[in-house]
Structure formats: structure tokens, C-alpha cells
Amino acid sequence: MSDAIINRRDLDFQLFEVLDTEALTAHPRFAEHSRETFTAVLDTAQAIASEKFAPHNRNADENEPHLVDGKVRLTPEVAVALEAFVQAGFLAASYDFAEGGMQLPAVVSQAAMSIFASANMSTTVYPLLSMGNASVIHRYGSAEQKKTYWEPLMAGRFFGTMALTEPQAGSGLADLKTSATPNPDGSYAIRGNKIFISAGDHALSDNIVHLVLARIEGAPPGVKGISLFIVPKFRVQADGSLGARNDVALTGLIHKMGCRGATSTMLAFGENGACRGELVGEPHKGLRYMFHMMNQIRIGTGIGAVMLGYRGYQASLAYAKERLQGRAPTSKNPAEPPLPIIEHGDVRRMLLAQKAYVEGGYALCLYCAQLVDTQTTGADETARREAGMLLELLTPITKSWPSQWCLEGNSLAIQVHGGYGYTRDYPVEQYYRDNRLNAIHEGTHGIQALDLLGRKAFMHNGAASQLLARAIQHTLEQADEADNAAELQEFTTALGAALMDMASTLQTLGAALAKEPERTLANASVFLEVCGHTVIAWMWLRQALAARRGLATHTSTDNAAEQAFYQGKLSTCRWFYRWELPKTRAWHALLRSLDDTALAMPDGGF
């Protein structure tokens with residue numbers, strides 16, 4: 001199977017050597033699983049991704065969804081791929097056996113999804129959103145709603161979306177205007193317009209279940225007055241059969257620079273006064289319910305960004321090994337044959353940067369996925385609660401850091417290809433276009449930064465930030481106690497200093513937020529950068545520790561490939577600590593200075 005889809009050696013390393021995912025099988029929920037069953041799931045995902053998802057990735061990019069007689073048409077291979085995905089049971093992978101699921105740990109399920117995302121991000125959008133939609137209904141829906149909607153969603157008969165954004169409000173959900181008026185039968189009349197709704201219309205399933213944010217008449221203003229509704233494309237009868245078309249209209253397709261194979265839609269609800277929706281849970285709690293889905297999707301967005309960066313890295317690495325150009329700086333003989341460009345120092349720098357970004361980002365995404373498991377399988381209530389708190393803190397970083405830095409990896413992949421990189425003869429330009437969307441999807445970089453600095457960093461009186469610091473300190477102690485600890489001292493010293501810098505910056509910003517919130521939050525994006533780089537440095541130290549253990553068991557000459565793999569991890573860790581982590585010093589200085597240059601700029605000066 002093609003390594004262009006996934007580097008399975010790295011995935012196995014992350015799961016079984018860094019995260020020790022096999023240890024989850026000691027918990028009763030996962031007792032029927034083993035490393036062999038986890039591997040079999042990943043093998044199946046890789047086979048389907050290679051055979052059904054990857055082949056139409058370019059075709060779907062070049063042949064976007066379009067309308068024929070008012071109906072959306074997609075390249076036919078999308079439906080074939082999704083049918084294989086559904087039949088293999090991936091939609092319900094994390095649910096209980098009793099519910100028809102595989103009862104897989106979230107970390108294994110997310111690892112499988114990363115393989116599909118790597119093969120074809122556009123086609124993966126459809127099940128990704130459907131799984132998030134189903135998760136909300138499963139957790140907050142009534143028994144009847146679960147039977148009517150969740151069961152068909154898990155069977156792949158229905159697909160799902162989330163409908164948040166409105167043309168006039170954008171990311172400002174407090175300003176949404178979609179209304180919900182009670183009907184005598186207990187349903188609600190929904191009326192409003194939504195935009196940028198991914199997978200909002202297609203013919204891939206019998207029905208599409210929209211989760212729609214709207215205001216019930218008389219609701220409080222702002223986000224406190226938002227409720228959540230199930231609004232199907234087709235009404236569902238009491239016996240589960242489809243009834244009349246609901247008053248949900250496709251008003252247009254949006255054509256994006258990337259992920260072109262996934263429909264992006266404008267939808268009108270209730271133009272004819274006949275759109276019926278069902279309230280999920282209690283009134284005015286819709287945003288809290290929807291965030292259950294959004295936080296899952298945000299981790300999925302981070303994974304998607306990582307995998308697109310990974311594809312660019314693998315493509316540029318293969319190209320650098322084959323492309324002959326130039327000679328060594330010491331060569332003065334034009335008759336000498338040109339070198340593969342991987343021999344040139346600057347190309348090696350760009351490849352190493354890509355590797356650092358994507359493998360560091362992958363480690364973070366899978367770590368967060370395992371925190372989801374710890375929330376339910378932790379040894380005690382404290383462990384479960386702390387896992388949830390740490391996950392909440394890390395989610396904005398996990399969504400945004402890969403979306404920025406793995407995109408930078410895609411930019412470097414184009415640069416490695418030279419002039420060919422921005423032609424459509426090579427795939428790296430598509431990977432860049434596809435990945436550029438992730439910095440905006442599911443809350444922009446700036447919104448994630450405001451969430452991190454304005455809420456998460458100081459929630460519970462700073463308990464979450466203190467918990468993260470303790471987790472990092474624990475890894476530093478492990479490194480100090482490891483065999484050959486001196487070889488890791490460069491990393492532990494640098495990360496320890498970064499941790500002290502973080503504590504000092506948090507102290508400064510915590511006091512400033514209370515006095516000058518606008519000035520402090522103006523630099524929130526820099527705070528996200530510094531937190532992201534520090535966390536990724538932590539992820540690289542964890543990988544370095546696992547690599548040292550691996551080297552200790554692969555010392556003979558017949559394991560040269562394994563030795564090279566582990567040495568590659570250590571070299572990449574060194575690169576991140578020498579080239580990337582030092583950037584945080586300048587960022588810390590800016591943050592502590594409470595620089596107001598952006599705010600002080602007069603409007604007329606732009």
C-alpha cells in the first residue's frame with residue numbers, strides 16, 4: 001500500500017510507542033480489543049482509503065459539485081467511496097457493540113479517520129460532519145430522536161451537517177437571526193438563511209439531517225438565547241419512512257479554492273413557511289450542545305491540516321530524492337553529474353521543517369484523541385476530570401496550530417518542487433489549496449486565540465494551565481531519569497526555560513485581562529503561537545523519549561531501517577528545539593509588553 005497515503009511506521013510509533021494505546025485494552029470497555037484488532041482496523045482503513053478515496057482526489061478537485069436541473073451532481077466515485085466506508089463500519093466505530101459499533105478507543109478511531117483525510121479530504125468531509133452530527137443527537141436527543149435520526153445516521157442512510165453561520169453574522173453567533181416559532185404539534189417553524197454549510201446538499205444519502213441554531217420567539221438576546229433544532233431535508237414518518245420534502249432550499253453552491261469535492265452551500269429554511277424542526281434538549285442551550293460537535297470537528301480539522309501537510313511532505317521528499325539539479329558548492333567541474341536536490345542544504349532544511357511540523361502536529365492530535373478516552377476510562381474521577389480540562393485547554397491549539405504550521409509545510413513543499421510546485425502537474429499545489437481552508441474552518445485562527453487567552457487559559461482560576469504545566473514537567477522528569485539522559489539535556493533545558501517563560505507571561509496577562517481586556521486580547525494570536533510552539537516542543541520531547549527506547553532495542557545491523565527511523569525522530573526534535581522553540585522568546589517579550597501598536601493605529605493610516 002502506498003506510503004503516499006500514510007506513513008504507517010510513524011502512525012504505529014505514535015500510537016504504540018509514544019501513547020501506549022495498547023494499554024487501553026486493560027479497561028473493561030476495550031477488553032475485547034488488542035493491538036492486533038487496532039492494527040486490523042487501520043489496515044482496513046488504509047485499504048479503503050487507497051482503493052476508493054485516493055484515486056478520485058484529483059478528479060473531484062477538477063470537477064466540482066454542480067447543479068443539474070436544480071440538483072447537486074458529484075463525481076460518481078464519491079458515492080462508491082462512502083459506501084465502502086459505511087459498509088466497513090467506520091461511521092459507528094466508537095459506539096458500543098450493543099449499538100452496532102466497534103467500541104474502539106477514540107484515539108484509534110481518529111487515527112483511522114486521519115488515513116481517510118490523507119487520501120481525500122473532500123470526500124472525508126461528508127462522514128466527518130455526519131459523525132459529529134450523530135454524536136450530538138446521541139448525547140442530547142430524546143429517545144425518539146435517536147431512533148428517528150441517529151440510527152439512520154449510523155447506518156449511512158442519512159448524512160448530517162451543522163448549520164451555524166449566517167450571511168450577516170459570520171462567526172458572530174450572537175447576531176444570528178434564524179427564528180423558531182412553536183407549532184401546535186410540538187414542532188417548530190424554522191425560518192432563516194445559512195451560509196458556508198459543508199455537505200449541505202447532495203444525493204449521497206436518502207436524507208440530510210441539519211442541526212440548525214435558531215432563536216425561539218422571546219428568547220434572550222445574544223448567545224444565551226440560541227436553541228438547537230433537528231431539521232431534516234425530508235420529513236421522517238412515524239414508521240421511519242421518508243415523507244414530504246421539508247421547506248429547506250438550496251439557494252446556491254459556493255466555489256472555494258480548496259476541498260472542492262465537498263459541497264459548500266447556501267441554504268434557505270422556511271421560505272414558504274413550511275420548514276419544520278425539532279428542538280434538541282432544552283431551549284436556549286443550543287450553543288452548548290453544538291459545541292459538543294464543534295470541539296470534535298475542531299480536533300478533526302487539526303488532523304485534516306496535519307494530513308494535508310503530511311502529503312505535501314511525502315511528495316516533496318520523494319521529489320527531492322529523484323530530481324537532479326545543481327552540484328555541491330565545492331564542485332567547480334560542470335562536467336560532473338548534477339546531484340539529487342536532497343543533497344542541497346537548503347532543501348534539507350525545508351524537508352526537516354515539514355517533518356517537524358507534521359509529525360509534531362500528528363502527535364498533538366492523537367494525544368488529544370486519547371484524552372477523550374481518558375475522560376471515560378481514567379483510573380478515578382480526578383483523572384477523568386483532569387483529562388476533560390486538559391482537552392478543553394488544548395482544543396483551540398489542536399485546531400489552529402496545525403492549520404497554520406502544516407500549511408507552512410505545504411508552502412515549503414511547493415518551494416522544494418521549484419517552478420513545478422505551482423503547476424497542476426504535481427499534487428502539492430492542491431494540498432496547499434485544500435489546507436488553506438483549515439485556518440478558517442470551525443472558528444478562525446483569531447477566534448481560537450481569543451478562546452484560548454480569554455477563556456481557557458484562566459478557567460477554573462488557571463487550573464487548566466497549571467495542569468498542562470504539570471504534565472509537561474512530568475515529561476521533563478521522565479527525560480531526566482531516562483537512560484542516556486545527558487543526550488536529552490539540550491531539550492529538557494530549553495523546554496524547562498520555555499515553561500518558566502509561559503508561567504511569567506500568564507501572570508502578566510492574567511493581571512492585564514482584568515484591567516485592559518481589549519489591549520490584552522489584541523495580541524491573542526501571538527499567545528496561541530507561543531502556547532502552540534511550547535506544546536509541540538513537549539510533543540517532540542515525548543517522541544524523543546520513545547525514540548531513545550526504540551534505539552535501545554534495535555542496535556544490530558539488520559535493523560538499519562529502524563535505527564534510521566529513530567535517529568530521524570531525534571534529529572527532528574533537535575531541529576525544532578534549535579530553530580522553532582527559540583521563536584517563543586520574542587513572542588513572550590511582545591506579550592508581556594502589552595504592545596498596543598495594532599490598536600493605536602489610526603483607521604485612516606491603514
# chains A, B, ... in the order shown; residues from 1 in each chain; ligands from 1
$ closest_atom_pairs --of "region 76-177 of chain A" --to "region 58-68 of chain A" --cutoff "9 Å" --atoms "only C-alpha atoms" --output "JSON lines"
{"residue": "A:Glu77", "atom": "CA", "partner": "A:Ala60", "partner_atom": "CA", "distance": 8.6}
{"residue": "A:Val78", "atom": "CA", "partner": "A:Ala60", "partner_atom": "CA", "distance": 8.1}
{"residue": "A:Asn120", "atom": "CA", "partner": "A:Arg58", "partner_atom": "CA", "distance": 8.8}
{"residue": "A:Ser122", "atom": "CA", "partner": "A:Ala60", "partner_atom": "CA", "distance": 7.9}
{"residue": "A:Thr123", "atom": "CA", "partner": "A:Ala60", "partner_atom": "CA", "distance": 8.5}
$ residues_around --residues "region 528-531 of chain A" --least-positions-apart "2" --cutoff "9 Å" --atoms "only C-alpha atoms" --output "list of chain:residue names"
A:Pro396, A:Ile397, A:Ser400, A:Trp401, A:His445, A:Gly446, A:Gln448, A:Ala449, A:Leu450, A:Leu452, A:Leu453, A:Met502, A:Ala524, A:Ser525, A:Val526, A:His533, A:Thr534, A:Val535, A:Ile536, A:Leu581, A:Lys583, A:Thr584, A:Arg585, A:Trp587, A:His588
$ write_last_selection --atoms "N, CA and C atoms" --output "compact mmCIF listing (two decimals), in the first residue's frame"
# COMPACT_ATOMS: atom_id res chain seq x y z
N PRO A 396 -8.34 24.51 21.19
CA PRO A 396 -8.05 25.59 20.24
C PRO A 396 -6.65 25.52 19.65
N ILE A 397 -5.69 25.01 20.43
CA ILE A 397 -4.33 24.85 19.90
C ILE A 397 -4.31 23.74 18.86
N SER A 400 -5.85 25.03 15.64
CA SER A 400 -5.23 26.14 14.92
C SER A 400 -3.74 25.98 14.62
N TRP A 401 -2.98 25.36 15.53
CA TRP A 401 -1.53 25.26 15.26
C TRP A 401 -1.27 24.45 13.99
N HIS A 445 -8.48 31.34 13.09
CA HIS A 445 -7.29 31.35 13.95
C HIS A 445 -7.47 32.38 15.07
N GLY A 446 -7.96 33.57 14.70
CA GLY A 446 -8.14 34.62 15.70
C GLY A 446 -9.18 34.27 16.74
N GLN A 448 -10.01 31.21 17.73
CA GLN A 448 -9.41 30.21 18.61
C GLN A 448 -8.45 30.86 19.60
N ALA A 449 -7.73 31.88 19.15
CA ALA A 449 -6.79 32.57 20.03
C ALA A 449 -7.54 33.32 21.14
N LEU A 450 -8.64 33.97 20.79
CA LEU A 450 -9.45 34.66 21.80
C LEU A 450 -10.02 33.67 22.81
N LEU A 452 -8.68 30.82 23.64
CA LEU A 452 -7.59 30.30 24.46
C LEU A 452 -7.17 31.30 25.53
N LEU A 453 -6.93 32.54 25.12
CA LEU A 453 -6.46 33.54 26.08
C LEU A 453 -7.60 34.09 26.93
N MET A 502 6.42 30.74 30.08
CA MET A 502 4.97 30.66 29.98
C MET A 502 4.31 31.08 31.30
N ALA A 524 -3.89 38.21 21.18
CA ALA A 524 -4.22 36.81 21.50
C ALA A 524 -3.60 35.84 20.51
N SER A 525 -3.51 36.21 19.24
CA SER A 525 -2.95 35.28 18.25
C SER A 525 -1.50 34.95 18.56
N VAL A 526 -0.76 35.91 19.12
CA VAL A 526 0.63 35.64 19.50
C VAL A 526 0.66 34.68 20.69
N HIS A 533 3.71 26.42 20.05
CA HIS A 533 5.10 26.00 19.90
C HIS A 533 5.61 25.29 21.14
N THR A 534 5.18 25.75 22.30
CA THR A 534 5.63 25.11 23.53
C THR A 534 5.05 23.70 23.65
N VAL A 535 3.78 23.56 23.33
CA VAL A 535 3.14 22.24 23.39
C VAL A 535 3.75 21.29 22.36
N ILE A 536 4.04 21.79 21.15
CA ILE A 536 4.65 20.93 20.14
C ILE A 536 6.06 20.53 20.56
N LEU A 581 11.52 26.51 18.72
CA LEU A 581 11.23 26.90 20.09
C LEU A 581 11.84 28.25 20.47
N LYS A 583 11.88 30.90 18.91
CA LYS A 583 10.99 31.99 18.47
C LYS A 583 10.09 32.46 19.59
N THR A 584 9.82 31.58 20.55
CA THR A 584 8.88 31.94 21.61
C THR A 584 9.42 33.04 22.52
N ARG A 585 10.74 33.20 22.58
CA ARG A 585 11.30 34.24 23.45
C ARG A 585 10.82 35.62 23.01
N TRP A 587 8.18 36.26 21.19
CA TRP A 587 6.72 36.33 21.37
C TRP A 587 6.37 36.62 22.82
N HIS A 588 7.07 35.98 23.76
CA HIS A 588 6.83 36.25 25.17
C HIS A 588 7.09 37.72 25.49
$ select_by_dssp --residues "region 63-117 of chain A" --states "strand (DSSP E)" --output "mmCIF file with N, CA and C atoms, in the first residue's frame"
data_model
loop_
_atom_site.group_PDB
_atom_site.id
_atom_site.type_symbol
_atom_site.label_atom_id
_atom_site.label_comp_id
_atom_site.auth_asym_id
_atom_site.auth_seq_id
_atom_site.Cartn_x
_atom_site.Cartn_y
_atom_site.Cartn_z
ATOM 1 N N HIS A 66 -21.789 20.472 -8.978
ATOM 2 C CA HIS A 66 -22.501 21.437 -9.814
ATOM 3 C C HIS A 66 -23.976 21.070 -9.860
ATOM 4 N N LEU A 67 -24.778 21.997 -10.331
ATOM 5 C CA LEU A 67 -26.214 21.794 -10.377
ATOM 6 C C LEU A 67 -26.663 21.356 -11.757
ATOM 7 N N VAL A 68 -27.497 20.323 -11.775
ATOM 8 C CA VAL A 68 -28.151 19.869 -12.997
ATOM 9 C C VAL A 68 -29.647 19.786 -12.695
ATOM 10 N N LYS A 71 -30.430 20.024 -9.026
ATOM 11 C CA LYS A 71 -29.918 19.002 -8.128
ATOM 12 C C LYS A 71 -28.392 18.956 -8.181
ATOM 13 N N VAL A 72 -27.795 18.680 -7.033
ATOM 14 C CA VAL A 72 -26.336 18.636 -6.942
ATOM 15 C C VAL A 72 -25.818 17.349 -7.568
ATOM 16 N N ARG A 73 -24.798 17.488 -8.390
ATOM 17 C CA ARG A 73 -24.139 16.341 -9.001
ATOM 18 C C ARG A 73 -22.677 16.317 -8.573
#
$ residues_around --residues "Arg139 (chain A)" --least-positions-apart "4" --cutoff "12 Å" --atoms "only C-alpha atoms" --output "NGL selection string"
:A and (95 or 132-135 or 143 or 145-146 or 150 or 280-281 or 288-290 or 292-293)
$ write_last_selection --atoms "N, CA, C and O atoms" --output "PDB file, in the first residue's frame"
ATOM      1  N   TYR A  95     -18.823   3.680  18.948  1.00  0.00           N
ATOM      2  CA  TYR A  95     -20.005   3.351  19.747  1.00  0.00           C
ATOM      3  C   TYR A  95     -19.933   1.916  20.271  1.00  0.00           C
ATOM      4  O   TYR A  95     -19.173   1.085  19.792  1.00  0.00           O
ATOM      5  N   GLY A 132     -20.101  13.808  13.582  1.00  0.00           N
ATOM      6  CA  GLY A 132     -20.255  14.840  14.606  1.00  0.00           C
ATOM      7  C   GLY A 132     -21.710  15.149  14.878  1.00  0.00           C
ATOM      8  O   GLY A 132     -22.132  15.314  16.036  1.00  0.00           O
ATOM      9  N   ASN A 133     -22.515  15.232  13.823  1.00  0.00           N
ATOM     10  CA  ASN A 133     -23.950  15.469  13.937  1.00  0.00           C
ATOM     11  C   ASN A 133     -24.600  14.357  14.770  1.00  0.00           C
ATOM     12  O   ASN A 133     -25.361  14.616  15.717  1.00  0.00           O
ATOM     13  N   ALA A 134     -24.281  13.131  14.438  1.00  0.00           N
ATOM     14  CA  ALA A 134     -24.859  11.984  15.145  1.00  0.00           C
ATOM     15  C   ALA A 134     -24.460  11.979  16.617  1.00  0.00           C
ATOM     16  O   ALA A 134     -25.255  11.592  17.485  1.00  0.00           O
ATOM     17  N   SER A 135     -23.247  12.422  16.918  1.00  0.00           N
ATOM     18  CA  SER A 135     -22.772  12.450  18.297  1.00  0.00           C
ATOM     19  C   SER A 135     -23.617  13.384  19.151  1.00  0.00           C
ATOM     20  O   SER A 135     -23.930  13.085  20.310  1.00  0.00           O
ATOM     21  N   ALA A 143     -35.128   9.906  23.169  1.00  0.00           N
ATOM     22  CA  ALA A 143     -35.118   8.514  22.706  1.00  0.00           C
ATOM     23  C   ALA A 143     -35.736   8.417  21.317  1.00  0.00           C
ATOM     24  O   ALA A 143     -35.248   7.672  20.457  1.00  0.00           O
ATOM     25  N   GLN A 145     -35.849  10.817  19.039  1.00  0.00           N
ATOM     26  CA  GLN A 145     -34.942  11.430  18.057  1.00  0.00           C
ATOM     27  C   GLN A 145     -33.775  10.499  17.736  1.00  0.00           C
ATOM     28  O   GLN A 145     -33.324  10.435  16.589  1.00  0.00           O
ATOM     29  N   LYS A 146     -33.282   9.776  18.716  1.00  0.00           N
ATOM     30  CA  LYS A 146     -32.199   8.831  18.453  1.00  0.00           C
ATOM     31  C   LYS A 146     -32.655   7.737  17.490  1.00  0.00           C
ATOM     32  O   LYS A 146     -31.928   7.371  16.559  1.00  0.00           O
ATOM     33  N   TRP A 150     -30.603   9.218  14.715  1.00  0.00           N
ATOM     34  CA  TRP A 150     -29.262   8.688  14.990  1.00  0.00           C
ATOM     35  C   TRP A 150     -29.066   7.321  14.346  1.00  0.00           C
ATOM     36  O   TRP A 150     -28.006   7.071  13.743  1.00  0.00           O
ATOM     37  N   VAL A 280     -33.826  20.172  20.119  1.00  0.00           N
ATOM     38  CA  VAL A 280     -32.915  19.225  20.768  1.00  0.00           C
ATOM     39  C   VAL A 280     -32.695  19.693  22.199  1.00  0.00           C
ATOM     40  O   VAL A 280     -32.297  20.835  22.444  1.00  0.00           O
ATOM     41  N   GLY A 281     -32.977  18.805  23.154  1.00  0.00           N
ATOM     42  CA  GLY A 281     -32.746  19.152  24.553  1.00  0.00           C
ATOM     43  C   GLY A 281     -33.643  20.281  25.023  1.00  0.00           C
ATOM     44  O   GLY A 281     -34.816  20.367  24.673  1.00  0.00           O
ATOM     45  N   ARG A 288     -24.301  25.366  23.635  1.00  0.00           N
ATOM     46  CA  ARG A 288     -23.560  24.387  24.448  1.00  0.00           C
ATOM     47  C   ARG A 288     -23.635  23.008  23.814  1.00  0.00           C
ATOM     48  O   ARG A 288     -22.641  22.283  23.748  1.00  0.00           O
ATOM     49  N   TYR A 289     -24.810  22.637  23.302  1.00  0.00           N
ATOM     50  CA  TYR A 289     -24.947  21.347  22.639  1.00  0.00           C
ATOM     51  C   TYR A 289     -24.095  21.293  21.370  1.00  0.00           C
ATOM     52  O   TYR A 289     -23.414  20.303  21.108  1.00  0.00           O
ATOM     53  N   MET A 290     -24.153  22.375  20.603  1.00  0.00           N
ATOM     54  CA  MET A 290     -23.426  22.383  19.333  1.00  0.00           C
ATOM     55  C   MET A 290     -21.918  22.345  19.548  1.00  0.00           C
ATOM     56  O   MET A 290     -21.184  21.768  18.751  1.00  0.00           O
ATOM     57  N   HIS A 292     -20.402  20.605  21.606  1.00  0.00           N
ATOM     58  CA  HIS A 292     -20.018  19.193  21.719  1.00  0.00           C
ATOM     59  C   HIS A 292     -19.578  18.671  20.361  1.00  0.00           C
ATOM     60  O   HIS A 292     -18.566  17.960  20.248  1.00  0.00           O
ATOM     61  N   MET A 293     -20.320  19.036  19.328  1.00  0.00           N
ATOM     62  CA  MET A 293     -19.948  18.631  17.970  1.00  0.00           C
ATOM     63  C   MET A 293     -18.755  19.429  17.468  1.00  0.00           C
ATOM     64  O   MET A 293     -17.806  18.883  16.904  1.00  0.00           O
TER      65      MET A 293
END
$ atom_distance --atom1 "CA of Asp239 (chain A)" --atom2 "CA of Ser130 (chain A)"
22.2 Å
$ select_by_dssp --residues "region 17-262 of chain A" --states "helix (DSSP H, G or I)" --output "VMD selection string"
chain A and resid 17 to 18 21 to 26 28 to 30 35 to 62 77 to 87 90 to 92 97 to 99 106 to 119 121 to 140 143 to 155 173 to 175 222 to 225
$ atom_distance --atom1 "CA of Cys406 (chain A)" --atom2 "CA of Asn7 (chain A)"
15.9 Å
$ atom_distance --atom1 "CA of Asp10 (chain A)" --atom2 "CA of Gly89 (chain A)"
24.6 Å
$ closest_residue --among "A:Leu339, A:Leu590, A:Ala238, A:Ala353" --to "Arg574 (chain A)" --atoms "only C-alpha atoms"
A:Ala353
